[in-house]
>>> print(open('entry.cif').read())   # mmCIF, C-alpha atoms
data_start
#
loop_
_atom_site.label_atom_id
_atom_site.label_comp_id
_atom_site.auth_asym_id
_atom_site.auth_seq_id
_atom_site.Cartn_x
_atom_site.Cartn_y
_atom_site.Cartn_z
CA MET E 1 97.34 95.67 97.82
CA LEU E 2 97.73 99.38 97.10
CA THR E 3 96.06 101.96 99.30
CA VAL E 4 95.53 104.58 96.58
CA ARG E 5 93.74 104.65 93.21
CA ASP E 6 95.38 107.64 91.53
CA SER E 7 99.20 107.49 91.24
CA ASN E 8 101.93 105.59 93.02
CA PHE E 9 105.66 104.90 92.91
CA ILE E 10 107.28 101.64 91.88
CA PHE E 11 110.98 100.95 92.38
CA GLY E 12 113.47 98.13 92.07
CA SER E 13 116.43 97.07 89.94
CA VAL E 14 116.93 95.77 86.42
CA GLY E 15 120.44 94.65 87.35
CA SER E 16 122.27 96.67 84.68
CA GLY E 17 122.77 100.38 84.24
CA ASP E 18 122.80 100.14 80.44
CA ALA E 19 119.23 98.83 80.21
CA ALA E 20 116.18 100.75 79.04
CA LEU E 21 112.98 100.28 81.07
CA ARG E 22 109.28 100.75 80.42
CA ILE E 23 106.46 100.13 82.89
CA ASN E 24 102.97 100.04 81.41
CA GLY E 25 104.44 101.70 78.35
CA VAL E 26 106.01 104.61 80.27
CA ALA E 27 109.79 105.13 80.03
CA ILE E 28 111.39 105.00 83.50
CA PRO E 29 114.91 106.35 84.24
CA VAL E 30 117.53 103.75 85.19
CA TRP E 31 120.48 104.73 87.40
CA PRO E 32 124.05 103.54 86.64
CA ASN E 33 123.73 100.65 89.13
CA GLY E 34 120.52 99.37 87.51
CA ALA E 35 118.17 100.81 90.14
CA PHE E 36 114.99 102.61 89.09
CA MET E 37 112.23 104.73 90.63
CA GLY E 38 109.06 105.44 88.67
CA TRP E 39 105.97 107.56 89.41
CA LEU E 40 103.00 106.17 87.49
CA ALA E 41 99.25 106.21 87.28
CA VAL E 42 97.73 103.26 89.14
CA PRO E 43 96.64 100.63 86.58
CA PRO E 44 92.90 100.48 85.84
CA ASP E 45 90.57 97.98 87.51
CA SER E 46 90.31 96.15 84.19
CA ALA E 47 94.10 95.44 84.10
CA PRO E 48 95.40 95.37 87.71
CA ARG E 49 99.09 94.81 86.97
CA TYR E 50 102.36 96.48 86.06
CA GLU E 51 103.81 95.25 82.76
CA ILE E 52 107.57 95.72 83.10
CA VAL E 53 109.92 95.47 80.12
CA ALA E 54 113.70 95.95 80.36
CA GLY E 55 116.12 95.55 77.49
CA ASN E 56 119.60 96.22 76.09
CA LYS E 57 121.80 94.77 73.36
CA ALA E 58 121.94 91.45 75.19
CA GLY E 59 118.18 90.91 75.14
CA VAL E 60 114.81 91.76 76.65
CA ALA E 61 113.29 90.72 80.01
CA ARG E 62 109.60 90.94 80.84
CA LEU E 63 107.70 90.76 84.11
CA SER E 64 103.95 90.99 84.74
CA LEU E 65 103.47 92.13 88.34
CA PRO E 66 99.88 91.67 89.57
CA ILE E 67 98.48 94.10 92.13
CA ARG E 68 95.26 94.60 94.02
CA ILE E 69 93.56 97.98 93.81
CA PRO E 70 91.34 99.29 96.63
CA PRO E 71 87.64 99.47 95.77
CA VAL E 72 85.96 102.79 95.12
CA ALA E 73 84.80 104.26 98.43
CA ASP E 74 81.04 103.99 99.03
CA THR E 75 79.94 107.52 99.92
CA THR E 76 76.26 106.57 100.19
CA ARG E 77 76.60 104.62 103.44
CA ARG E 78 76.86 106.23 106.86
CA GLU E 79 78.85 104.81 109.73
CA GLN E 80 76.72 103.52 112.57
CA PRO E 81 77.53 105.19 115.91
CA ALA E 82 79.16 103.08 118.57
CA ASP E 83 76.89 101.75 121.31
CA THR E 84 77.68 104.27 124.05
CA LEU E 85 74.62 103.34 126.11
CA ASN E 86 75.57 99.72 126.70
CA PRO E 87 79.36 99.33 126.32
CA PRO E 88 80.96 96.10 127.52
CA PRO E 89 82.13 96.54 131.13
CA PRO E 90 85.86 96.42 131.91
CA PRO E 91 87.28 93.84 134.34
CA PRO E 92 85.89 94.46 137.86
CA ASP E 93 89.33 94.55 139.54
CA SER E 94 90.39 97.51 137.38
CA LEU E 95 87.53 99.76 138.53
CA VAL E 96 86.49 102.06 141.33
CA THR E 97 82.80 102.93 141.07
CA VAL E 98 81.05 105.89 142.71
CA ALA E 99 78.67 108.69 141.77
CA GLY E 100 77.81 107.50 138.29
CA ASN E 101 81.36 107.53 136.84
CA VAL E 102 83.86 104.77 136.18
CA TYR E 103 87.55 105.23 136.97
CA VAL E 104 89.84 102.63 135.49
CA ALA E 105 93.18 101.74 137.08
CA LEU E 106 95.92 101.67 134.42
CA GLY E 107 98.92 99.37 134.35
CA ASN E 108 100.25 97.20 137.14
CA PRO E 109 100.59 99.21 140.37
CA SER E 110 102.62 96.40 141.98
CA SER E 111 105.51 96.92 139.51
CA VAL E 112 108.83 97.26 141.31
CA VAL E 113 110.28 99.66 138.72
CA ASP E 114 109.85 103.17 140.14
CA ASP E 115 110.53 105.38 137.14
CA THR E 116 108.90 106.56 133.92
CA ASP E 117 109.82 103.40 132.00
CA ARG E 118 106.47 101.98 133.06
CA VAL E 119 104.09 104.86 132.36
CA THR E 120 100.98 104.66 130.19
CA ILE E 121 100.84 107.30 127.44
CA ALA E 122 97.35 108.76 126.98
CA MET E 123 96.10 110.73 123.97
CA PRO E 124 93.22 113.22 124.00
CA GLU E 125 90.12 112.34 122.01
CA PRO E 126 89.21 114.14 119.86
CA ARG E 127 92.86 114.91 119.22
CA GLU E 128 93.93 118.51 119.63
CA SER E 129 95.42 120.30 116.65
CA GLY E 130 99.11 119.50 116.29
CA GLN E 131 99.16 117.03 119.18
CA VAL E 132 98.87 113.26 119.44
CA TYR E 133 99.96 112.87 123.06
CA LYS E 134 98.91 114.53 126.26
CA TRP E 135 99.41 112.68 129.53
CA PHE E 136 101.94 110.24 130.99
CA LEU E 137 100.29 108.14 133.68
CA PHE E 138 101.85 106.03 136.44
CA PRO E 139 100.67 102.43 137.00
CA GLY E 140 97.69 102.50 139.32
CA THR E 141 96.51 105.91 138.07
CA ARG E 142 92.72 105.97 137.84
CA VAL E 143 91.21 107.77 134.86
CA LYS E 144 87.61 108.35 133.94
CA ALA E 145 86.08 105.89 131.48
CA THR E 146 83.29 107.76 129.72
CA GLY E 147 80.08 105.86 129.06
CA TYR E 148 80.16 103.63 132.14
CA SER E 149 78.34 104.09 135.47
CA ASP E 150 78.61 103.57 139.25
CA THR E 151 82.04 105.13 140.13
CA ILE E 152 83.97 107.52 142.42
CA ALA E 153 86.82 109.84 141.53
CA PRO E 154 89.88 109.47 143.75
CA VAL E 155 90.55 112.41 146.05
CA ARG E 156 94.16 113.35 146.81
CA ARG E 157 95.55 115.82 149.29
CA VAL E 158 99.02 117.30 149.08
CA GLY E 159 101.37 117.52 152.06
CA ALA E 160 104.35 119.81 152.59
CA VAL E 161 106.22 120.28 149.29
CA ARG E 162 110.01 120.52 149.59
CA LEU E 163 113.11 121.00 147.41
CA GLU E 164 116.03 118.59 147.48
CA PRO E 165 118.93 119.90 145.34
CA ALA E 166 121.67 117.50 144.19
CA ALA E 167 124.74 117.81 141.99
CA GLU E 168 123.05 116.68 138.75
CA TRP E 169 119.41 117.55 139.44
CA VAL E 170 116.88 119.26 141.70
CA ASP E 171 113.99 117.26 143.19
CA VAL E 172 110.61 118.84 143.80
CA VAL E 173 109.13 116.41 146.35
CA ILE E 174 105.32 116.35 146.59
CA PRO E 175 103.83 113.95 149.19
CA MET E 176 100.13 113.16 148.77
CA THR E 177 97.40 110.80 149.82
CA GLY E 178 95.61 108.45 147.46
CA PRO E 179 96.68 106.77 144.21
CA PRO E 180 99.19 108.39 141.81
CA PRO E 181 97.69 111.37 139.95
CA PRO E 182 97.41 111.87 136.20
CA TYR E 183 99.84 114.62 135.27
CA LEU E 184 100.71 116.89 132.38
CA VAL E 185 104.13 118.48 131.78
CA GLU E 186 104.50 121.62 129.64
CA GLN E 187 107.58 123.70 128.91
CA THR E 188 108.55 127.23 128.00
CA ASN E 189 112.04 128.50 127.22
CA ARG E 190 112.72 129.10 130.93
CA SER E 191 110.22 127.00 132.90
CA ILE E 192 108.57 123.62 133.36
CA SER E 193 104.91 123.34 134.37
CA LEU E 194 103.64 120.26 136.23
CA LEU E 195 99.83 119.98 136.32
CA LEU E 196 98.40 117.35 138.73
CA TYR E 197 94.76 116.26 138.36
CA GLY E 198 92.36 115.06 141.07
CA VAL E 199 93.99 117.10 143.84
CA LYS E 200 91.83 118.93 146.42
CA ASN E 201 92.75 121.98 148.48
CA ALA E 202 96.44 122.05 147.56
CA PRO E 203 98.33 124.67 149.58
CA VAL E 204 99.77 127.68 147.81
CA ILE E 205 103.56 127.62 147.77
CA SER E 206 106.30 129.97 146.62
CA MET E 207 109.79 128.63 147.21
CA MET E 208 113.29 129.71 146.30
CA PRO E 209 116.29 127.46 146.97
CA GLN E 210 118.58 128.40 149.86
CA PRO E 211 121.32 129.24 149.13
CA THR E 212 120.64 130.57 145.62
CA ASP E 213 120.77 127.76 143.05
CA ALA E 214 122.69 128.25 139.79
CA TYR E 215 119.89 126.58 137.75
CA LEU E 216 116.63 126.59 139.73
CA ASN E 217 115.15 130.05 140.26
CA SER E 218 111.86 129.33 142.08
CA VAL E 219 108.86 127.01 142.41
CA SER E 220 105.30 128.26 142.80
CA SER E 221 101.85 126.69 142.75
CA THR E 222 98.45 127.66 141.40
CA PRO E 223 95.68 125.53 142.98
CA GLU E 224 92.30 125.11 141.28
CA SER E 225 89.15 123.31 142.38
CA ASP E 226 90.34 119.80 141.56
CA ARG E 227 93.91 120.24 140.34
CA VAL E 228 97.13 122.10 141.07
CA ARG E 229 99.82 123.47 138.78
CA TYR E 230 103.45 123.72 139.92
CA THR E 231 105.60 126.12 137.90
CA ILE E 232 109.33 125.48 138.09
CA ASN E 233 111.18 128.60 136.96
CA LEU E 234 114.73 128.05 135.67
CA ARG E 235 117.71 130.30 134.96
CA SER E 236 118.25 128.68 131.54
CA ALA E 237 116.33 126.41 129.18
CA PRO E 238 114.89 123.07 130.38
CA TYR E 239 117.28 120.19 129.74
CA GLY E 240 115.45 117.09 131.02
CA TYR E 241 113.33 115.68 133.82
CA LEU E 242 111.85 112.54 135.36
CA ALA E 243 108.55 112.04 137.19
CA LEU E 244 108.88 109.36 139.88
CA TRP E 245 106.16 107.84 142.10
CA LYS E 246 106.86 105.73 145.16
CA SER E 247 105.01 105.11 148.42
CA GLY E 248 102.73 108.14 148.24
CA ILE E 249 105.42 110.59 147.10
CA LEU E 250 105.63 112.20 143.67
CA THR E 251 109.19 113.32 142.96
CA PHE E 252 109.64 115.61 139.99
CA ARG E 253 113.36 115.51 139.19
CA VAL E 254 114.63 118.44 137.11
CA ARG E 255 117.96 117.64 135.44
CA ARG E 256 120.71 120.23 135.36
CA PRO E 257 122.47 120.83 132.01
CA PRO E 258 126.04 119.46 131.98
CA HIS E 259 128.93 121.82 132.64
CA ILE E 260 130.84 122.40 129.39
CA ALA E 261 134.41 123.26 130.36
CA ASP E 262 136.17 123.09 126.99
CA MET E 263 134.60 124.96 124.06
CA THR E 264 137.10 123.33 121.69
CA PHE E 265 135.89 119.86 122.67
CA PRO E 266 132.39 120.45 124.10
CA LEU E 267 131.52 116.72 124.13
CA ARG E 268 134.50 115.60 126.21
CA GLY E 269 133.39 113.62 129.26
CA LEU E 270 129.74 113.39 128.20
CA THR E 271 127.75 110.19 127.63
CA ILE E 272 125.89 109.94 124.31
CA THR E 273 123.54 107.11 123.30
CA VAL E 274 123.70 106.17 119.61
CA ASP E 275 120.70 104.18 118.38
CA PRO E 276 120.99 102.62 114.90
CA GLY E 277 117.31 102.18 114.02
CA HIS E 278 115.80 98.75 113.32
CA PRO E 279 115.60 95.76 113.15
CA PRO E 280 112.81 94.76 113.45
CA ALA E 281 111.03 96.41 110.50
CA GLY E 282 112.67 99.17 108.44
CA ALA E 283 112.77 100.09 104.75
CA THR E 284 114.65 98.47 101.86
CA GLY E 285 116.15 100.18 98.81
CA PRO E 286 115.75 99.29 95.13
CA THR E 287 118.87 97.07 95.13
CA GLU E 288 117.84 95.55 98.50
CA LEU E 289 120.04 97.59 100.84
CA TYR E 290 118.26 97.19 104.19
CA GLU E 291 117.86 100.26 106.40
CA GLY E 292 118.97 98.44 109.54
CA GLU E 293 122.23 97.43 107.86
CA ALA E 294 122.99 100.89 106.46
CA VAL E 295 122.33 102.81 109.69
CA LEU E 296 124.40 100.36 111.71
CA ALA E 297 127.40 101.29 109.55
CA VAL E 298 126.64 104.97 110.18
CA GLY E 299 126.21 104.37 113.91
CA LEU E 300 129.54 102.57 114.23
CA LYS E 301 131.30 105.40 112.39
CA LEU E 302 129.62 107.93 114.68
CA ARG E 303 130.75 105.92 117.70
CA ASP E 304 134.36 106.08 116.53
CA LEU E 305 134.16 109.83 115.91
CA LEU E 306 132.68 110.43 119.36
CA VAL E 307 135.20 108.21 121.16
CA ALA E 308 138.03 110.15 119.49
CA ARG E 309 136.59 113.29 121.16
CA GLY E 310 136.54 111.80 124.64
CA VAL E 311 132.87 110.77 124.71
CA ASN E 312 131.49 107.77 126.58
CA VAL E 313 129.35 106.15 123.86
CA VAL E 314 126.43 103.81 124.58
CA MET E 315 125.24 101.79 121.57
CA THR E 316 121.74 100.30 121.58
CA ARG E 317 123.03 97.67 119.16
CA THR E 318 126.29 96.75 117.42
CA THR E 319 124.98 93.72 115.50
CA MET E 320 122.02 92.98 113.25
CA ASP E 321 120.13 91.33 116.11
CA PRO E 322 116.77 93.10 116.72
CA VAL E 323 116.34 95.40 119.72
CA ASP E 324 112.91 96.13 121.16
CA LEU E 325 111.64 99.60 120.25
CA GLY E 326 110.64 100.50 123.80
CA LEU E 327 113.96 99.35 125.24
CA ARG E 328 116.08 101.75 123.18
CA PRO E 329 115.35 105.00 125.10
CA ILE E 330 115.50 103.07 128.38
CA ILE E 331 119.07 102.03 127.54
CA GLY E 332 119.99 105.70 127.21
CA ARG E 333 118.32 106.76 130.44
CA ARG E 334 119.83 103.97 132.50
CA ALA E 335 123.25 105.00 131.22
CA ASN E 336 122.49 108.58 132.39
CA SER E 337 123.24 109.77 128.87
CA HIS E 338 123.37 113.47 128.06
CA ALA E 339 121.75 113.01 124.62
CA PHE E 340 120.05 110.29 122.58
CA VAL E 341 120.26 110.10 118.78
CA SER E 342 118.35 107.51 116.76
CA ILE E 343 119.66 107.07 113.19
CA HIS E 344 117.23 106.21 110.39
CA LEU E 345 116.69 106.32 106.62
CA ASP E 346 113.39 107.31 105.10
CA ALA E 347 110.91 105.78 102.66
CA GLU E 348 107.47 106.90 101.50
CA SER E 349 103.92 105.64 101.78
CA ASP E 350 101.51 104.87 98.93
CA GLY E 351 100.39 107.86 96.90
CA LYS E 352 103.37 110.12 97.72
CA ASN E 353 105.99 110.84 95.10
CA PRO E 354 109.49 110.27 96.58
CA LEU E 355 111.03 111.97 93.55
CA VAL E 356 109.54 115.16 95.04
CA THR E 357 109.33 114.45 98.79
CA ASN E 358 112.81 113.04 99.46
CA GLY E 359 115.33 114.88 101.62
CA THR E 360 116.76 115.16 105.13
CA TRP E 361 114.76 115.88 108.25
CA THR E 362 115.12 115.58 112.02
CA LEU E 363 112.33 114.66 114.43
CA TYR E 364 111.74 115.35 118.12
CA PHE E 365 109.03 114.69 120.72
CA TRP E 366 109.67 117.05 123.66
CA PRO E 367 110.29 120.82 123.34
CA HIS E 368 113.61 120.61 125.20
CA SER E 369 114.93 118.46 122.31
CA ILE E 370 114.27 121.13 119.65
CA PRO E 371 117.64 122.94 119.98
CA LEU E 372 119.55 119.67 119.49
CA ALA E 373 117.28 118.72 116.57
CA GLN E 374 117.81 122.08 114.86
CA ALA E 375 121.59 122.04 115.35
CA THR E 376 121.80 118.51 113.97
CA GLN E 377 119.55 119.26 111.00
CA ASN E 378 121.70 122.24 110.03
CA GLU E 379 124.85 120.13 110.01
CA LEU E 380 123.24 117.18 108.19
CA LEU E 381 122.17 119.47 105.36
CA GLN E 382 125.77 120.56 104.89
CA GLU E 383 127.13 117.00 104.96
CA MET E 384 124.39 115.12 103.08
CA GLY E 385 123.64 117.74 100.40
CA LEU E 386 119.92 116.90 100.19
CA HIS E 387 116.66 118.87 100.29
CA ASP E 388 115.77 120.43 103.67
CA LYS E 389 112.59 118.83 105.01
CA GLY E 390 112.97 120.66 108.31
CA VAL E 391 112.72 119.89 112.01
CA ARG E 392 109.36 118.48 113.05
CA PHE E 393 107.46 117.09 116.02
CA GLN E 394 106.45 113.45 115.66
CA ASN E 395 105.03 110.94 118.11
CA ILE E 396 107.98 108.54 117.98
CA ALA E 397 108.69 106.06 120.76
CA VAL E 398 112.48 106.37 120.75
CA ALA E 399 112.33 110.15 121.34
CA ARG E 400 109.77 110.09 124.16
CA GLY E 401 112.36 109.83 126.91
CA THR E 402 112.32 112.94 129.11
CA TRP E 403 115.68 112.70 130.93
CA MET E 404 117.78 114.08 128.05
CA PRO E 405 117.40 115.75 124.64
CA SER E 406 116.35 112.95 122.26
CA ILE E 407 116.07 113.14 118.48
CA LEU E 408 115.60 110.92 115.43
CA THR E 409 117.43 111.69 112.18
CA GLU E 410 116.15 110.72 108.73
CA GLY E 411 119.35 111.50 106.83
CA ALA E 412 118.39 110.25 103.37
CA PHE E 413 115.75 108.28 101.41
CA ILE E 414 116.90 104.69 101.05
CA ILE E 415 114.27 104.03 98.36
CA MET E 416 115.81 106.67 96.06
CA PRO E 417 118.31 104.93 93.74
CA ASP E 418 121.03 107.61 93.92
CA GLN E 419 120.81 107.94 97.70
CA GLU E 420 120.79 104.18 98.23
CA ALA E 421 123.89 103.86 96.04
CA ALA E 422 125.64 106.61 98.04
CA LEU E 423 124.70 104.93 101.32
CA ARG E 424 126.58 101.82 100.23
CA THR E 425 129.80 103.87 100.28
CA SER E 426 131.94 104.44 103.36
CA ALA E 427 132.33 108.12 102.43
CA TYR E 428 128.58 108.88 102.54
CA GLN E 429 128.10 106.83 105.70
CA GLU E 430 130.83 108.92 107.33
CA ALA E 431 129.22 112.13 106.04
CA TYR E 432 125.98 111.12 107.81
CA ALA E 433 127.91 110.34 111.01
CA ARG E 434 129.88 113.57 110.76
CA GLY E 435 126.68 115.62 110.45
CA ILE E 436 125.33 114.15 113.69
CA LEU E 437 128.67 114.69 115.43
CA LYS E 438 128.79 118.36 114.41
CA GLY E 439 125.17 118.83 115.50
CA LEU E 440 125.98 117.44 118.96
CA GLU E 441 129.05 119.65 119.23
CA SER E 442 127.10 122.74 118.20
CA TYR E 443 124.29 122.07 120.67
CA PHE E 444 126.48 121.36 123.70
CA ALA E 445 128.76 124.29 122.90
CA SER E 446 125.65 126.50 122.99
CA LEU E 447 124.96 125.41 126.58
CA ALA E 448 128.22 126.98 127.70
CA GLN E 449 127.26 130.24 125.96
CA THR E 450 123.76 130.52 127.46
CA PRO E 451 123.58 133.35 130.05
#
>>> encode(input="entry.cif", output="structure tokens")
Amino acid sequence: MLTVRDSNFIFGSVGSGDAALRINGVAIPVWPNGAFMGWLAVPPDSAPRYEIVAGNKAGVARLSLPIRIPPVADTTRREQPADTLNPPPPPPDSLVTVAGNVYVALGNPSSVVDDTDRVTIAMPEPRESGQVYKWFLFPGTRVKATGYSDTIAPVRRVGAVRLEPAAEWVDVVIPMTGPPPPYLVEQTNRSISLLLYGVKNAPVISMMPQPTDAYLNSVSSTPESDRVRYTINLRSAPYGYLALWKSGILTFRVRRPPHIADMTFPLRGLTITVDPGHPPAGATGPTELYEGEAVLAVGLKLRDLLVARGVNVVMTRTTMDPVDLGLRPIIGRRANSHAFVSIHLDAESDGKNPLVTNGTWTLYFWPHSIPLAQATQNELLQEMGLHDKGVRFQNIAVARGTWMPSILTEGAFIIMPDQEAALRTSAYQEAYARGILKGLESYFASLAQTP
């Protein structure tokens, strides 16, 4: 079943580079290894199939490939609105009801894990421009369920806020009554803002560490009627953080950047998590090279390059056994890694022409990961030699960890015949690995140069 009615790509292999190929009468280029990629009009409703003919001096092969084409959209019908007056009620044990509003408790508050591995990720609706995420919520957090009735909002009161500096981080400790609050974290180039919701009469604070801290400059608060914002001012760019909730205390742990002692080998002594993407899922090339197999080869080469530079490398996988998507960033955090890199290869969705859209790009989720993403993208372009698709935000699970800079690289398009063929070679796999290595070196070297 296609999802478009106009044009689409079709790719595969005829098994021989000296064959000529036509699909629905259109000549399609064939690469030296027999792979092909064609961009064609979607067949008409009256003949829903691709007629494929390949031939050379040895003979001719034919294949009729049936497809299903989506029906023409009915623009005369209007969607019926959802029943907002009588929605089905949620389970009683998940609710607190007071004053005409419903507040739903999220997650399992009895969980023994006391870190952000167990948060619920909430998206605004309607979605704000350029954003698909907003809040990270602890288990037991109560949020308003619109459209229900008979509920009470939780009221929290904040106690004496304090700072607890440590060698690798600074804790902002915020005791409070009531259930854990919904919170929002925002960043600038020299500060982190922590906004807590459902907090009444929070005291105004303005604190500076004693003695003067090399990383933390000050912490101040801005209370509002039912919320409070804590602004954590830093002496250099944010590097990572964790929000922890336990026994009525919210600890916001701000991670210090690592000390880079040797500019010649800026990665020496650091811990880096290398995540070869997939399985499960993943894309497959025209000659059936599987993404999970190709990126594992790249990941193992990157591991060897990093180890040779004195890096402690954590691999999320070293075999073709599947690893759960949500577990991958947790592996990096539990290893106290200084950076997380997930290695992938790209494909394209229906209706997009990969002959035009292919290239290299690097993705991030949190702002503090942008410098690593940009440094890595710059180096990948030099090593891979492909079109620059840029550095972009994307709501990707493996990059949502907050404790370290985390990125996802899409080094090449595995569905493009020439790129798939190159990815089968050790030289191109090493070029991909070398681009990531140089990006890491460039980023961590920059930390030592930051005033």
>>> closest_residue(input="entry.cif", among="E:Ala421, E:Met315, E:Ile192, E:Leu137", to="Arg303 in chain E", atoms="only C-alpha atoms")
E:Met315
>>> closest_residue(input="entry.cif", among="E:Pro139, E:Pro405, E:Gly390, E:Gly385", to="Tyr432 in chain E", atoms="all atoms listed in the file")
E:Gly385
>>> atom_distance(input="entry.cif", atom1="CA of Thr273 in chain E", atom2="CA of Thr188 in chain E")
25.5 Å
>>> atom_distance(input="entry.cif", atom1="CA of Pro276 in chain E", atom2="CA of Ala433 in chain E")
11.1 Å
>>> residues_near_point(input="entry.cif", point="(121.6, 127.1, 141.0)", cutoff="10 Å", atoms="all atoms listed in the file", output="VMD selection string")
chain E and resid 165 167 169 to 170 209 to 217 234 to 235 256
>>> resolve_selection(input="entry.cif", expression="the PyMOL selection byres ((chain E and resi 414-419) around 6)", output="list of chain:residue names")
E:Ala35, E:Gly285, E:Pro286, E:Leu345, E:Asp346, E:Ala347, E:Phe413, E:Glu420, E:Ala421, E:Ala422
>>> residues_near_point(input="entry.cif", point="(96.5, 121.8, 149.9)", cutoff="7 Å", atoms="only C-alpha atoms", output="PyMOL selection string")
chain E and resi 157-159+200-203
>>> residues_around(input="entry.cif", residues="Val219 in chain E", least_positions_apart="2", cutoff="8 Å", atoms="all atoms listed in the file", output="MDAnalysis selection string")
chainID E and resid 205:208 217 221 230:233
